[in-house]
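Here's run00.cif, which has mmCIF, N, CA and C atoms:
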data_final
loop_
_atom_site.label_atom_id
_atom_site.label_comp_id
_atom_site.auth_asym_id
_atom_site.auth_seq_id
_atom_site.Cartn_x
_atom_site.Cartn_y
_atom_site.Cartn_z
N MET A 1 39.59 -55.88 -4.30
CA MET A 1 39.36 -56.54 -3.03
C MET A 1 39.14 -58.02 -3.28
N PRO A 2 39.93 -58.88 -2.65
CA PRO A 2 39.70 -60.31 -2.82
C PRO A 2 38.42 -60.72 -2.10
N CYS A 3 37.55 -61.45 -2.81
CA CYS A 3 36.26 -61.81 -2.22
C CYS A 3 35.91 -63.26 -2.46
N SER A 4 36.86 -64.13 -2.43
CA SER A 4 36.58 -65.53 -2.68
C SER A 4 36.04 -66.19 -1.43
N ARG A 5 34.92 -66.92 -1.58
CA ARG A 5 34.37 -67.67 -0.45
C ARG A 5 35.11 -68.98 -0.25
N GLU A 6 35.85 -69.41 -1.25
CA GLU A 6 36.54 -70.69 -1.17
C GLU A 6 37.72 -70.60 -0.22
N GLY A 7 37.86 -71.61 0.61
CA GLY A 7 39.00 -71.70 1.49
C GLY A 7 38.97 -70.76 2.68
N SER A 8 37.88 -70.06 2.90
CA SER A 8 37.82 -69.14 4.03
C SER A 8 37.77 -69.92 5.33
N LYS A 9 38.63 -69.57 6.26
CA LYS A 9 38.65 -70.24 7.56
C LYS A 9 37.93 -69.42 8.61
N LYS A 10 37.39 -68.26 8.21
CA LYS A 10 36.67 -67.41 9.15
C LYS A 10 35.30 -68.02 9.44
N PRO A 11 34.76 -67.79 10.64
CA PRO A 11 33.43 -68.31 10.95
C PRO A 11 32.37 -67.60 10.12
N ARG A 12 31.22 -68.27 9.90
CA ARG A 12 30.13 -67.66 9.12
C ARG A 12 29.49 -66.51 9.88
N SER A 13 29.54 -66.51 11.17
CA SER A 13 28.95 -65.43 11.94
C SER A 13 30.07 -64.49 12.39
N HIS A 14 29.96 -63.23 12.02
CA HIS A 14 31.02 -62.29 12.32
C HIS A 14 30.42 -60.92 12.59
N ALA A 15 30.80 -60.31 13.68
CA ALA A 15 30.36 -58.94 13.97
C ALA A 15 31.57 -58.04 13.94
N HIS A 16 31.42 -56.89 13.35
CA HIS A 16 32.53 -55.94 13.28
C HIS A 16 31.97 -54.54 13.41
N SER A 17 32.60 -53.75 14.22
CA SER A 17 32.20 -52.36 14.38
C SER A 17 33.43 -51.51 14.16
N GLY A 18 33.39 -50.67 13.17
CA GLY A 18 34.54 -49.83 12.89
C GLY A 18 35.05 -50.03 11.48
N ARG A 19 36.35 -49.75 11.28
CA ARG A 19 36.93 -49.82 9.95
C ARG A 19 37.93 -50.95 9.87
N TYR A 20 38.09 -51.49 8.68
CA TYR A 20 39.14 -52.45 8.43
C TYR A 20 40.39 -51.70 8.05
N SER A 21 41.55 -52.24 8.44
CA SER A 21 42.79 -51.53 8.15
C SER A 21 43.21 -51.69 6.70
N THR A 22 42.81 -52.76 6.06
CA THR A 22 43.17 -52.96 4.65
C THR A 22 41.99 -53.55 3.91
N SER A 23 42.01 -53.39 2.59
CA SER A 23 40.93 -54.00 1.80
C SER A 23 41.05 -55.52 1.83
N ASP A 24 42.28 -56.04 2.00
CA ASP A 24 42.44 -57.49 2.11
C ASP A 24 41.72 -58.03 3.34
N GLU A 25 41.83 -57.30 4.46
CA GLU A 25 41.16 -57.74 5.68
C GLU A 25 39.64 -57.75 5.48
N ALA A 26 39.10 -56.71 4.88
CA ALA A 26 37.67 -56.66 4.61
C ALA A 26 37.28 -57.76 3.63
N GLY A 27 38.12 -58.01 2.64
CA GLY A 27 37.84 -59.04 1.64
C GLY A 27 37.82 -60.43 2.20
N GLU A 28 38.49 -60.65 3.33
CA GLU A 28 38.46 -61.95 3.99
C GLU A 28 37.19 -62.14 4.80
N VAL A 29 36.65 -61.05 5.34
CA VAL A 29 35.51 -61.15 6.24
C VAL A 29 34.18 -61.13 5.50
N TYR A 30 33.99 -60.22 4.56
CA TYR A 30 32.69 -60.10 3.88
C TYR A 30 32.20 -61.42 3.30
N PRO A 31 33.04 -62.19 2.61
CA PRO A 31 32.52 -63.41 1.97
C PRO A 31 32.13 -64.52 2.94
N THR A 32 32.33 -64.34 4.24
CA THR A 32 32.06 -65.42 5.17
C THR A 32 30.59 -65.53 5.56
N GLY A 33 29.75 -64.60 5.14
CA GLY A 33 28.35 -64.69 5.53
C GLY A 33 27.51 -63.67 4.80
N ASP A 34 26.34 -63.39 5.32
CA ASP A 34 25.43 -62.41 4.74
C ASP A 34 25.66 -61.08 5.42
N PHE A 35 25.21 -59.99 4.80
CA PHE A 35 25.51 -58.66 5.31
C PHE A 35 24.24 -57.89 5.63
N THR A 36 24.16 -57.35 6.84
CA THR A 36 23.04 -56.51 7.23
C THR A 36 23.59 -55.15 7.65
N HIS A 37 22.77 -54.13 7.49
CA HIS A 37 23.21 -52.76 7.80
C HIS A 37 22.07 -52.06 8.54
N PRO A 38 22.03 -52.17 9.89
CA PRO A 38 20.90 -51.66 10.65
C PRO A 38 20.94 -50.17 10.98
N ALA A 39 21.92 -49.42 10.46
CA ALA A 39 22.02 -47.99 10.78
C ALA A 39 20.78 -47.25 10.28
N LEU A 40 20.28 -46.34 11.09
CA LEU A 40 19.14 -45.53 10.67
C LEU A 40 19.56 -44.46 9.67
N TYR A 41 20.80 -44.02 9.75
CA TYR A 41 21.30 -43.02 8.80
C TYR A 41 22.76 -43.30 8.50
N GLU A 42 23.12 -43.15 7.26
CA GLU A 42 24.49 -43.35 6.82
C GLU A 42 24.77 -42.31 5.75
N GLY A 43 25.94 -41.69 5.81
CA GLY A 43 26.30 -40.68 4.82
C GLY A 43 26.29 -41.22 3.41
N PHE A 44 26.84 -42.42 3.21
CA PHE A 44 26.79 -43.02 1.88
C PHE A 44 26.61 -44.53 1.95
N GLY A 45 27.42 -45.24 2.66
CA GLY A 45 27.27 -46.69 2.75
C GLY A 45 28.35 -47.47 2.02
N VAL A 46 29.60 -47.07 2.23
CA VAL A 46 30.73 -47.75 1.59
C VAL A 46 30.76 -49.23 1.97
N THR A 47 30.44 -49.55 3.21
CA THR A 47 30.46 -50.95 3.63
C THR A 47 29.45 -51.77 2.82
N LEU A 48 28.35 -51.16 2.44
CA LEU A 48 27.36 -51.84 1.60
C LEU A 48 27.95 -52.15 0.22
N LEU A 49 28.67 -51.19 -0.35
CA LEU A 49 29.30 -51.42 -1.65
C LEU A 49 30.36 -52.51 -1.56
N GLU A 50 31.13 -52.51 -0.48
CA GLU A 50 32.16 -53.54 -0.30
C GLU A 50 31.51 -54.92 -0.21
N ALA A 51 30.45 -55.03 0.55
CA ALA A 51 29.76 -56.31 0.69
C ALA A 51 29.17 -56.76 -0.64
N GLN A 52 28.57 -55.83 -1.38
CA GLN A 52 27.98 -56.16 -2.67
C GLN A 52 29.06 -56.56 -3.68
N ALA A 53 30.23 -55.92 -3.61
CA ALA A 53 31.34 -56.29 -4.49
C ALA A 53 31.75 -57.74 -4.26
N CYS A 54 31.47 -58.24 -3.07
CA CYS A 54 31.76 -59.64 -2.74
C CYS A 54 30.57 -60.55 -3.05
N GLY A 55 29.55 -59.99 -3.69
CA GLY A 55 28.40 -60.80 -4.09
C GLY A 55 27.41 -61.06 -2.98
N LEU A 56 27.38 -60.19 -1.97
CA LEU A 56 26.46 -60.39 -0.86
C LEU A 56 25.22 -59.52 -1.00
N PRO A 57 24.03 -60.12 -0.95
CA PRO A 57 22.83 -59.29 -0.87
C PRO A 57 22.79 -58.65 0.52
N CYS A 58 22.14 -57.51 0.63
CA CYS A 58 22.14 -56.77 1.89
C CYS A 58 20.72 -56.54 2.40
N VAL A 59 20.64 -56.26 3.68
CA VAL A 59 19.39 -55.82 4.30
C VAL A 59 19.69 -54.46 4.91
N VAL A 60 18.92 -53.44 4.52
CA VAL A 60 19.14 -52.09 5.02
C VAL A 60 17.86 -51.58 5.67
N THR A 61 18.04 -50.55 6.49
CA THR A 61 16.92 -49.90 7.14
C THR A 61 17.23 -48.42 7.24
N GLY A 62 16.25 -47.64 7.62
CA GLY A 62 16.50 -46.21 7.79
C GLY A 62 16.46 -45.45 6.49
N TRP A 63 17.25 -44.38 6.42
CA TRP A 63 17.28 -43.51 5.27
C TRP A 63 18.70 -42.98 5.11
N GLY A 64 18.91 -42.19 4.12
CA GLY A 64 20.23 -41.62 3.91
C GLY A 64 21.00 -42.34 2.83
N GLY A 65 22.30 -42.26 2.93
CA GLY A 65 23.19 -42.76 1.89
C GLY A 65 23.10 -44.24 1.60
N GLN A 66 22.70 -45.03 2.59
CA GLN A 66 22.61 -46.46 2.31
C GLN A 66 21.58 -46.76 1.23
N LEU A 67 20.61 -45.90 1.05
CA LEU A 67 19.61 -46.11 0.01
C LEU A 67 20.18 -45.80 -1.38
N TYR A 68 21.28 -45.03 -1.44
CA TYR A 68 21.95 -44.76 -2.72
C TYR A 68 22.98 -45.84 -3.05
N ALA A 69 23.43 -46.56 -2.04
CA ALA A 69 24.48 -47.56 -2.22
C ALA A 69 23.93 -48.92 -2.65
N VAL A 70 22.62 -49.08 -2.62
CA VAL A 70 21.99 -50.35 -3.01
C VAL A 70 20.90 -50.09 -4.03
N LYS A 71 20.42 -51.14 -4.67
CA LYS A 71 19.22 -51.07 -5.51
C LYS A 71 18.17 -51.92 -4.79
N LEU A 72 17.26 -51.24 -4.13
CA LEU A 72 16.25 -51.95 -3.35
C LEU A 72 15.47 -52.91 -4.24
N GLY A 73 15.30 -54.12 -3.74
CA GLY A 73 14.59 -55.15 -4.47
C GLY A 73 15.46 -55.90 -5.46
N LYS A 74 16.62 -55.35 -5.81
CA LYS A 74 17.54 -56.00 -6.75
C LYS A 74 18.81 -56.49 -6.06
N THR A 75 19.40 -55.65 -5.20
CA THR A 75 20.64 -56.02 -4.50
C THR A 75 20.44 -56.05 -2.99
N ALA A 76 19.32 -55.51 -2.53
CA ALA A 76 19.09 -55.41 -1.08
C ALA A 76 17.60 -55.43 -0.78
N LEU A 77 17.29 -55.85 0.43
CA LEU A 77 15.93 -55.78 0.95
C LEU A 77 15.86 -54.62 1.94
N TYR A 78 14.74 -53.95 1.98
CA TYR A 78 14.54 -52.84 2.92
C TYR A 78 13.69 -53.33 4.09
N ALA A 79 14.11 -52.98 5.28
CA ALA A 79 13.34 -53.28 6.48
C ALA A 79 12.95 -51.97 7.16
N LYS A 80 11.74 -51.91 7.67
CA LYS A 80 11.36 -50.75 8.46
C LYS A 80 12.31 -50.67 9.65
N PRO A 81 12.55 -49.48 10.19
CA PRO A 81 13.44 -49.37 11.34
C PRO A 81 12.80 -49.94 12.61
N ASP A 82 12.62 -51.24 12.57
CA ASP A 82 11.98 -51.98 13.65
C ASP A 82 12.68 -53.35 13.73
N PRO A 83 13.14 -53.77 14.90
CA PRO A 83 13.89 -55.04 14.99
C PRO A 83 13.14 -56.24 14.43
N LEU A 84 11.84 -56.32 14.61
CA LEU A 84 11.07 -57.46 14.12
C LEU A 84 11.05 -57.48 12.58
N ASP A 85 10.83 -56.32 11.97
CA ASP A 85 10.81 -56.27 10.51
C ASP A 85 12.21 -56.55 9.95
N PHE A 86 13.23 -56.04 10.64
CA PHE A 86 14.61 -56.30 10.22
C PHE A 86 14.88 -57.80 10.24
N ALA A 87 14.46 -58.47 11.32
CA ALA A 87 14.65 -59.92 11.43
C ALA A 87 13.89 -60.66 10.34
N LYS A 88 12.70 -60.20 9.99
CA LYS A 88 11.92 -60.84 8.93
C LYS A 88 12.65 -60.77 7.59
N ARG A 89 13.26 -59.63 7.29
CA ARG A 89 13.99 -59.48 6.01
C ARG A 89 15.23 -60.37 5.99
N ILE A 90 15.91 -60.47 7.11
CA ILE A 90 17.08 -61.36 7.20
C ILE A 90 16.63 -62.79 6.96
N ALA A 91 15.55 -63.19 7.64
CA ALA A 91 15.03 -64.56 7.47
C ALA A 91 14.61 -64.81 6.03
N GLU A 92 14.04 -63.80 5.37
CA GLU A 92 13.63 -63.94 3.98
C GLU A 92 14.84 -64.31 3.11
N LEU A 93 15.97 -63.66 3.34
CA LEU A 93 17.18 -63.99 2.58
C LEU A 93 17.73 -65.36 2.96
N LEU A 94 17.74 -65.64 4.25
CA LEU A 94 18.30 -66.91 4.71
C LEU A 94 17.50 -68.12 4.23
N LEU A 95 16.19 -67.95 4.09
CA LEU A 95 15.32 -69.07 3.74
C LEU A 95 15.17 -69.30 2.23
N SER A 96 15.66 -68.36 1.44
CA SER A 96 15.53 -68.51 -0.01
C SER A 96 16.90 -68.44 -0.68
N GLN A 97 17.44 -69.60 -0.97
CA GLN A 97 18.74 -69.64 -1.65
C GLN A 97 18.65 -68.98 -3.02
N ASP A 98 17.53 -69.15 -3.72
CA ASP A 98 17.36 -68.53 -5.04
C ASP A 98 17.42 -67.00 -4.94
N LEU A 99 16.72 -66.45 -3.96
CA LEU A 99 16.72 -65.00 -3.76
C LEU A 99 18.12 -64.51 -3.41
N ARG A 100 18.78 -65.20 -2.48
CA ARG A 100 20.15 -64.82 -2.09
C ARG A 100 21.08 -64.83 -3.29
N GLN A 101 20.98 -65.90 -4.10
CA GLN A 101 21.87 -66.04 -5.24
C GLN A 101 21.61 -64.94 -6.28
N LYS A 102 20.34 -64.71 -6.62
CA LYS A 102 20.00 -63.69 -7.63
C LYS A 102 20.41 -62.30 -7.15
N MET A 103 20.07 -61.99 -5.90
CA MET A 103 20.43 -60.67 -5.38
C MET A 103 21.95 -60.52 -5.25
N GLY A 104 22.63 -61.62 -4.91
CA GLY A 104 24.09 -61.57 -4.82
C GLY A 104 24.73 -61.30 -6.17
N GLU A 105 24.21 -61.93 -7.22
CA GLU A 105 24.72 -61.68 -8.58
C GLU A 105 24.47 -60.23 -8.97
N ASN A 106 23.25 -59.74 -8.71
CA ASN A 106 22.92 -58.35 -9.00
C ASN A 106 23.81 -57.40 -8.21
N ALA A 107 24.08 -57.76 -6.96
CA ALA A 107 24.89 -56.91 -6.09
C ALA A 107 26.31 -56.73 -6.64
N ARG A 108 26.90 -57.83 -7.07
CA ARG A 108 28.26 -57.75 -7.62
C ARG A 108 28.29 -56.84 -8.85
N LYS A 109 27.31 -57.00 -9.73
CA LYS A 109 27.24 -56.16 -10.94
C LYS A 109 27.01 -54.69 -10.57
N TRP A 110 26.11 -54.44 -9.63
CA TRP A 110 25.81 -53.07 -9.19
C TRP A 110 27.05 -52.40 -8.62
N ALA A 111 27.80 -53.12 -7.81
CA ALA A 111 28.99 -52.54 -7.17
C ALA A 111 30.04 -52.11 -8.19
N GLU A 112 30.05 -52.74 -9.35
CA GLU A 112 31.01 -52.36 -10.39
C GLU A 112 30.79 -50.93 -10.87
N ASN A 113 29.60 -50.40 -10.70
CA ASN A 113 29.33 -49.00 -11.07
C ASN A 113 30.12 -48.02 -10.21
N PHE A 114 30.64 -48.47 -9.09
CA PHE A 114 31.31 -47.59 -8.16
C PHE A 114 32.83 -47.80 -8.13
N LEU A 115 33.34 -48.53 -9.10
CA LEU A 115 34.79 -48.70 -9.21
C LEU A 115 35.41 -47.36 -9.58
N TRP A 116 36.60 -47.10 -9.05
CA TRP A 116 37.28 -45.83 -9.36
C TRP A 116 37.50 -45.68 -10.86
N SER A 117 37.73 -46.78 -11.54
CA SER A 117 37.95 -46.71 -12.99
C SER A 117 36.71 -46.20 -13.73
N ARG A 118 35.55 -46.30 -13.11
CA ARG A 118 34.32 -45.79 -13.72
C ARG A 118 33.95 -44.42 -13.18
N ILE A 119 34.27 -44.16 -11.92
CA ILE A 119 33.88 -42.90 -11.29
C ILE A 119 34.83 -41.76 -11.68
N LEU A 120 36.11 -42.03 -11.70
CA LEU A 120 37.10 -40.98 -11.94
C LEU A 120 36.88 -40.23 -13.25
N PRO A 121 36.60 -40.92 -14.37
CA PRO A 121 36.34 -40.16 -15.61
C PRO A 121 35.15 -39.19 -15.48
N ARG A 122 34.16 -39.55 -14.69
CA ARG A 122 33.02 -38.65 -14.49
C ARG A 122 33.44 -37.39 -13.72
N TYR A 123 34.28 -37.60 -12.69
CA TYR A 123 34.80 -36.44 -11.94
C TYR A 123 35.63 -35.55 -12.86
N GLU A 124 36.48 -36.16 -13.66
CA GLU A 124 37.32 -35.39 -14.57
C GLU A 124 36.47 -34.56 -15.52
N GLU A 125 35.39 -35.15 -16.01
CA GLU A 125 34.50 -34.43 -16.92
C GLU A 125 33.87 -33.22 -16.24
N VAL A 126 33.45 -33.38 -14.99
CA VAL A 126 32.85 -32.28 -14.24
C VAL A 126 33.88 -31.16 -14.06
N TYR A 127 35.12 -31.52 -13.70
CA TYR A 127 36.13 -30.50 -13.47
C TYR A 127 36.55 -29.78 -14.76
N ARG A 128 36.44 -30.44 -15.89
CA ARG A 128 36.79 -29.82 -17.16
C ARG A 128 35.77 -28.75 -17.58
N LYS A 129 34.54 -28.89 -17.13
CA LYS A 129 33.47 -27.95 -17.52
C LYS A 129 33.61 -26.64 -16.85
#

Starting from the file, lay out its structure as structure tokens.
Amino acid sequence: MPCSREGSKKPRSHAHSGRYSTSDEAGEVYPTGDFTHPALYEGFGVTLLEAQACGLPCVVTGWGGQLYAVKLGKTALYAKPDPLDFAKRIAELLLSQDLRQKMGENARKWAENFLWSRILPRYEEVYRK
């Protein structure tokens, strides 16, 4: 997925609900800003992995799969399922460039654990047993 922030003509503020038709389309949008995930429950959180692959720290809330898709405190901040707490966590990221940068670097590294080139051999091993 292309995730270069350079030369992006997309606005920094972007809302999207649903799926992207191609990874190129997602790769153009994710790098344009920060990523929040206010869902109370998510089966896994693929969008979180995509955002982290682009070096974006995330803010999550609720429970479920999104908690497996991030490393709380390293790649993402957790907010209680309350709009005020969610806003506080977003502001925490926005106000600290150092925190955003460190978590963004961690996020990109963390997302590499979920590349098919790393996951597929594990599946093959399970099926061989």

Point to revise | Using only N, CA and C atoms: which of A:Pro121, A:Gly55, A:Gly43, A:Pro81 has the shortest distance to Tyr68 in chain A | key: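 Of A:Pro121, A:Gly55, A:Gly43, A:Pro81, the one nearest Tyr68 in chain A, counting only N, CA and C atoms, is A:Gly43.
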
Exercise for review: Work out how far apart CA of Ser117 in chain A and CA of His37 in chain A are and give it in Å to one decimal.
Suggested key: 26.2 Å

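If you apply the PyMOL selection byres (((chain A and resi 36 and name CA) around 7) and name CA) to this structure, you end up with A:Asp34, A:Phe35, A:His37, A:Pro38, A:Cys58, A:Val59, A:Val60.
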
Given the selection you just returned, output its residues as a file containing N, CA and C atoms, formatted as an mmCIF file, in the coordinates of the input.
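Heads up, here's the output in again-v1.cif:
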data_model
loop_
_atom_site.group_PDB
_atom_site.id
_atom_site.type_symbol
_atom_site.label_atom_id
_atom_site.label_comp_id
_atom_site.auth_asym_id
_atom_site.auth_seq_id
_atom_site.Cartn_x
_atom_site.Cartn_y
_atom_site.Cartn_z
ATOM 1 N N ASP A 34 26.340 -63.390 5.320
ATOM 2 C CA ASP A 34 25.430 -62.410 4.740
ATOM 3 C C ASP A 34 25.660 -61.080 5.420
ATOM 4 N N PHE A 35 25.210 -59.990 4.800
ATOM 5 C CA PHE A 35 25.510 -58.660 5.310
ATOM 6 C C PHE A 35 24.240 -57.890 5.630
ATOM 7 N N HIS A 37 22.770 -54.130 7.490
ATOM 8 C CA HIS A 37 23.210 -52.760 7.800
ATOM 9 C C HIS A 37 22.070 -52.060 8.540
ATOM 10 N N PRO A 38 22.030 -52.170 9.890
ATOM 11 C CA PRO A 38 20.900 -51.660 10.650
ATOM 12 C C PRO A 38 20.940 -50.170 10.980
ATOM 13 N N CYS A 58 22.140 -57.510 0.630
ATOM 14 C CA CYS A 58 22.140 -56.770 1.890
ATOM 15 C C CYS A 58 20.720 -56.540 2.400
ATOM 16 N N VAL A 59 20.640 -56.260 3.680
ATOM 17 C CA VAL A 59 19.390 -55.820 4.300
ATOM 18 C C VAL A 59 19.690 -54.460 4.910
ATOM 19 N N VAL A 60 18.920 -53.440 4.520
ATOM 20 C CA VAL A 60 19.140 -52.090 5.020
ATOM 21 C C VAL A 60 17.860 -51.580 5.670
#

Review point. Looking at only N, CA and C atoms, which of A:Lys102, A:Gly64, A:Phe86, A:Arg108 is the one that sits closest to Ala51 in chain A?
Key: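 Closest to Ala51 in chain A of all the choices is A:Arg108.
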
Review point. Mind pulling up the distance from atom N of Trp116 in chain A to atom C of Leu93 in chain A?
Key: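 Calculated distance between atom C of Leu93 in chain A and atom N of Trp116 in chain A is 28.9 Å.
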
Exercise for review: Take atom N of Ser96 in chain A and CA of Tyr41 in chain A and report the distance between them in Å, one decimal.
Suggested key: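 Straight-line distance from atom N of Ser96 in chain A to CA of Tyr41 in chain A works out to 27.0 Å.
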
**Study point:** 7 Å contact set for Glu112 in chain A, all atoms listed in the file, chain neighbours under 4 positions out, as a PyMOL selection string
**Key:** chain A and resi 52-53+107-108+118

Review point. Residues picked by the PyMOL selection byres (((chain A and resi 70 and name CA) around 9) and name CA) here, as a PyMOL selection string?
Key: chain A and resi 45+48-49+52+58+60+66-69+71-76+107+110-111

Point to revise | Residue nearest Gly104 in chain A among A:Thr47, A:Leu77, A:Gly65, A:Ile119 (counting only C-alpha atoms) | key: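 Looking only at the distances to Gly104 in chain A, the closest residue turns out to be A:Leu77.
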